[in-house]
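Step one of this worksheet: look at the structure below.
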Amino acid sequence: MCTSPRSGSTLLCRLLAATGKSGVPDSHFHEPSVSAWMEDFGLQDDQYPSEKEQLTAVFAAAHAYGTGSSDIFGLRLQRHSFDFLMQKLDCLHPGLSTDAERLHTAFGHTLFIHLTRPNKLEQAISRLRAEQSGLWHRAADGTELERLSAPQELSYDAVSIARHITDMTLADENWKSWFDREGITPMRITYDELSRDPSAILSGILEELGQDSSIAKDITPPTARLSDEINRSWAERFRGENKG
């Protein structure tokens with residue numbers, strides 16, 4: 001899953017994991033750091049004397065976790081760590097000429113999904129609000145599902161919103177350029193499509209994976225959107241301040 005923050009990727013990851021047939025997709029290589037990967041999977045640096053041995057252990061652990069009880073490995077990729085991941089795959093599998101070959105060699109035949117959120121203003125505000133509140137996702141019943149920091153007072157910040165718009169627009173453009181360079185035609189999904197009919201999106205992915213697509217109708221979306229009047233008022237204010 002090739003994406004950027006606040007695109008609906010956590011919802012899609014949880015939907016796929018809930019099927020029990022499509023792996024446990026997550027950001028298994030989120031930080032561009034081998035040490036961070038080792039720590040994430042509970043591996044000790046001193047047990048692996050070379051970087052190649054460390055990488056072998058990391059990728060084995062990631063594959064086991066991201067596969068779960070299924071036969072499919074699930075992975076969510078963000079642009080900020082993508083180049084680093086490709087460098088380390090090249091270390092593990094030298095002599096391959098393309099990133100697509102490296103991914104296929106490491107993980108097997110791959111379905112690429114490009115998940116985007118076309119409304120970059122909404123995406124930027126969602127990210128800013130998550131950063132300020134510390135709350136990134138709620139469960140469907142409204143309870144907190146993922147909190148990364150203590151809450152702070154929400155504060156409109158046009159500079160941060162503009163920066164996030166630029167960063168996430170660039171991420172989309174970089175993904176598109178990479179697909180073109182690698183000769184990949186991904187399955188394209190938008191945040192709006194996923195929000196409107198998650199069951200249909202899940203069904204389509206399962207079909208592409210060669211799984212029973214009817215499983216999707218029994219999966220309940222596990223997260224709720226963090227959107228309310230604050231989001232709308234910030235969007236209106238930002239548009240008003242940036243007319244023309």
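Residue names in the structure tokens use chain letters A, B, ... in the order shown, residue numbers from 1 in each chain, and ligand numbers from 1 in the order shown.
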Tell me, as a compact mmCIF listing (two decimals) with all heavy atoms, in the first residue's frame, which residues lie within 7 Å of segment 75-79 of chain A, counting only C-alpha atoms; anything in the same chain fewer than 5 positions away does not count.
# COMPACT_ATOMS: atom_id res chain seq x y z
N MET A 1 0.85 -1.18 0.00
CA MET A 1 0.00 0.00 0.00
C MET A 1 0.90 1.24 0.00
O MET A 1 1.63 1.48 0.95
CB MET A 1 -0.90 0.00 1.23
CG MET A 1 -1.93 1.11 1.26
SD MET A 1 -2.83 1.15 2.83
CE MET A 1 -3.44 -0.54 2.93
N CYS A 2 0.85 2.01 -1.06
CA CYS A 2 1.68 3.20 -1.22
C CYS A 2 0.81 4.42 -0.93
O CYS A 2 -0.18 4.65 -1.63
CB CYS A 2 2.23 3.25 -2.64
SG CYS A 2 3.14 1.77 -3.11
N THR A 3 1.20 5.22 0.05
CA THR A 3 0.27 6.24 0.51
C THR A 3 0.99 7.38 1.21
O THR A 3 2.21 7.50 1.15
CB THR A 3 -0.77 5.59 1.45
OG1 THR A 3 -1.81 6.50 1.74
CG2 THR A 3 -0.13 5.08 2.73
N SER A 4 0.22 8.25 1.88
CA SER A 4 0.75 9.33 2.69
C SER A 4 -0.15 9.46 3.93
O SER A 4 -1.26 8.92 3.94
CB SER A 4 0.78 10.66 1.91
OG SER A 4 -0.52 11.00 1.46
N PRO A 25 -1.36 -5.83 7.18
CA PRO A 25 -0.62 -4.69 6.62
C PRO A 25 -0.43 -3.58 7.64
O PRO A 25 -1.35 -3.24 8.38
CB PRO A 25 -1.51 -4.24 5.45
CG PRO A 25 -2.87 -4.76 5.76
CD PRO A 25 -2.67 -6.02 6.53
N ASP A 26 0.78 -3.05 7.68
CA ASP A 26 1.12 -1.96 8.59
C ASP A 26 2.44 -1.35 8.12
O ASP A 26 3.07 -1.87 7.20
CB ASP A 26 1.25 -2.48 10.03
CG ASP A 26 0.98 -1.41 11.07
OD1 ASP A 26 1.02 -0.21 10.71
OD2 ASP A 26 0.73 -1.76 12.23
N SER A 27 2.85 -0.28 8.78
CA SER A 27 4.11 0.38 8.44
C SER A 27 5.26 -0.33 9.13
O SER A 27 5.83 0.16 10.11
CB SER A 27 4.06 1.86 8.84
OG SER A 27 3.05 2.53 8.14
N HIS A 28 5.61 -1.51 8.63
CA HIS A 28 6.62 -2.34 9.27
C HIS A 28 8.02 -1.74 9.18
O HIS A 28 8.92 -2.15 9.92
CB HIS A 28 6.61 -3.73 8.64
CG HIS A 28 5.27 -4.39 8.63
ND1 HIS A 28 4.55 -4.64 9.79
CD2 HIS A 28 4.49 -4.84 7.60
CE1 HIS A 28 3.41 -5.22 9.48
NE2 HIS A 28 3.35 -5.35 8.16
N GLY A 66 3.65 -9.42 9.36
CA GLY A 66 2.77 -8.87 8.33
C GLY A 66 1.97 -9.91 7.58
O GLY A 66 1.05 -9.57 6.83
N ALA A 171 4.36 13.91 -2.05
CA ALA A 171 4.36 12.45 -1.85
C ALA A 171 3.56 11.76 -2.95
O ALA A 171 4.00 10.75 -3.52
CB ALA A 171 3.79 12.11 -0.48
(request) Determine the nearest neighbour of Arg127 of chain A from the options A:Ser70, A:Ala106, A:Ser160, A:Asp197, counting only C-alpha atoms. (result) A:Ser160
(message) Which of segment 105-236 of chain A end up as helix (DSSP H, G or I) when DSSP is run on this backbone - answer as a VMD selection string?
(response) chain A and resid 105 to 107 120 to 133 158 to 182 191 to 196 198 to 208 213 to 218 229 to 236
(request) Tell me which protein, DNA and RNA residues are within 9 Å of Ser69 of chain A, counting only C-alpha atoms, leaving out same-chain ones fewer than 6 positions away, and put them as a list in words. (result) Gly20, Lys21, Gly23 and Val24 of chain A
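Here the residues within segment 178-210 of chain A that DSSP labels strand (DSSP E) on the basis of the backbone are Met187, Arg188, Ile189 and Thr190 of chain A.
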Got time to write the residues from that selection, N, CA and C atoms, as a PDB file, in the first residue's frame?
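Written file, selection36.pdb:
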ATOM      1  N   MET A 187      -3.348  -0.539  -8.296  1.00  0.00           N
ATOM      2  CA  MET A 187      -4.774  -0.414  -8.023  1.00  0.00           C
ATOM      3  C   MET A 187      -4.949   0.941  -7.339  1.00  0.00           C
ATOM      4  N   ARG A 188      -5.759   1.817  -7.911  1.00  0.00           N
ATOM      5  CA  ARG A 188      -5.888   3.183  -7.392  1.00  0.00           C
ATOM      6  C   ARG A 188      -7.174   3.324  -6.569  1.00  0.00           C
ATOM      7  N   ILE A 189      -7.010   3.834  -5.349  1.00  0.00           N
ATOM      8  CA  ILE A 189      -8.133   4.006  -4.424  1.00  0.00           C
ATOM      9  C   ILE A 189      -8.020   5.391  -3.804  1.00  0.00           C
ATOM     10  N   THR A 190      -9.138   6.076  -3.667  1.00  0.00           N
ATOM     11  CA  THR A 190      -9.129   7.375  -3.000  1.00  0.00           C
ATOM     12  C   THR A 190      -9.775   7.282  -1.623  1.00  0.00           C
TER      13      THR A 190
END
(message) Which residues are near Asp172 of chain A? Cut-off 12 Å, only C-alpha atoms, ignore same chain within fewer than 3 positions. Put them as a PyMOL selection string.
(response) chain A and resi 2-5+7+78-80+114-120+165-169+175-179+188+190
(request) Name all residues at most 10 Å from segment 52-63 of chain A (count only C-alpha atoms; drop same-chain ones fewer than 6 positions away) and give them as a PyMOL selection string. (result) chain A and resi 23-24+26-29+34-35+37-46+72-75+88-89+91-93+106-107
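Of the listed residues A:Ala100, A:Tyr65, A:Asp180, A:Pro221, the one whose atoms come nearest to Leu194 of chain A is A:Pro221, with distances taken using only C-alpha atoms.
If only C-alpha atoms are the atoms counted, then among A:Arg239, A:His104, A:Arg196, A:His109 the closest residue to Leu209 of chain A is A:His109.
For Asp99 of chain A, the list of residues within 10 Å, based on only C-alpha atoms and with local chain neighbours fewer than 5 positions off taken out, reads Asp83, Leu85, Met86, Gln87, Leu89, Asp90, His104, Thr105, Trp178, Arg181 and Glu182 of chain A.
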Limited to N, CA and C atoms, could you put the picked residues into a file as an mmCIF file, in the first residue's frame?
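Output file part-v5.cif is given in full below:
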data_model
loop_
_atom_site.group_PDB
_atom_site.id
_atom_site.type_symbol
_atom_site.label_atom_id
_atom_site.label_comp_id
_atom_site.auth_asym_id
_atom_site.auth_seq_id
_atom_site.Cartn_x
_atom_site.Cartn_y
_atom_site.Cartn_z
ATOM 1 N N ASP A 83 12.899 5.428 0.174
ATOM 2 C CA ASP A 83 14.227 5.332 -0.435
ATOM 3 C C ASP A 83 15.191 4.548 0.450
ATOM 4 N N LEU A 85 14.367 2.180 2.568
ATOM 5 C CA LEU A 85 13.979 0.776 2.462
ATOM 6 C C LEU A 85 14.560 0.154 1.194
ATOM 7 N N MET A 86 14.489 0.865 0.078
ATOM 8 C CA MET A 86 15.027 0.341 -1.171
ATOM 9 C C MET A 86 16.542 0.143 -1.081
ATOM 10 N N GLN A 87 17.236 1.046 -0.392
ATOM 11 C CA GLN A 87 18.678 0.899 -0.209
ATOM 12 C C GLN A 87 19.002 -0.383 0.552
ATOM 13 N N LEU A 89 17.047 -3.061 0.818
ATOM 14 C CA LEU A 89 16.710 -4.220 -0.005
ATOM 15 C C LEU A 89 17.818 -4.499 -1.010
ATOM 16 N N ASP A 90 18.450 -3.442 -1.502
ATOM 17 C CA ASP A 90 19.571 -3.612 -2.432
ATOM 18 C C ASP A 90 20.749 -4.275 -1.725
ATOM 19 N N HIS A 104 9.664 -7.651 -5.321
ATOM 20 C CA HIS A 104 9.190 -8.987 -5.692
ATOM 21 C C HIS A 104 10.086 -10.069 -5.097
ATOM 22 N N THR A 105 11.401 -9.812 -5.112
ATOM 23 C CA THR A 105 12.337 -10.792 -4.573
ATOM 24 C C THR A 105 12.179 -10.937 -3.064
ATOM 25 N N TRP A 178 7.304 7.237 -9.498
ATOM 26 C CA TRP A 178 7.925 5.938 -9.249
ATOM 27 C C TRP A 178 7.179 4.834 -9.985
ATOM 28 N N ARG A 181 8.169 5.042 -13.605
ATOM 29 C CA ARG A 181 9.548 4.606 -13.842
ATOM 30 C C ARG A 181 9.681 3.092 -13.748
ATOM 31 N N GLU A 182 8.925 2.492 -12.824
ATOM 32 C CA GLU A 182 9.019 1.051 -12.601
ATOM 33 C C GLU A 182 8.096 0.246 -13.510
#
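Here atom CA of Ala162 of chain A stands at a distance of 8.2 Å from atom CA of Leu121 of chain A.
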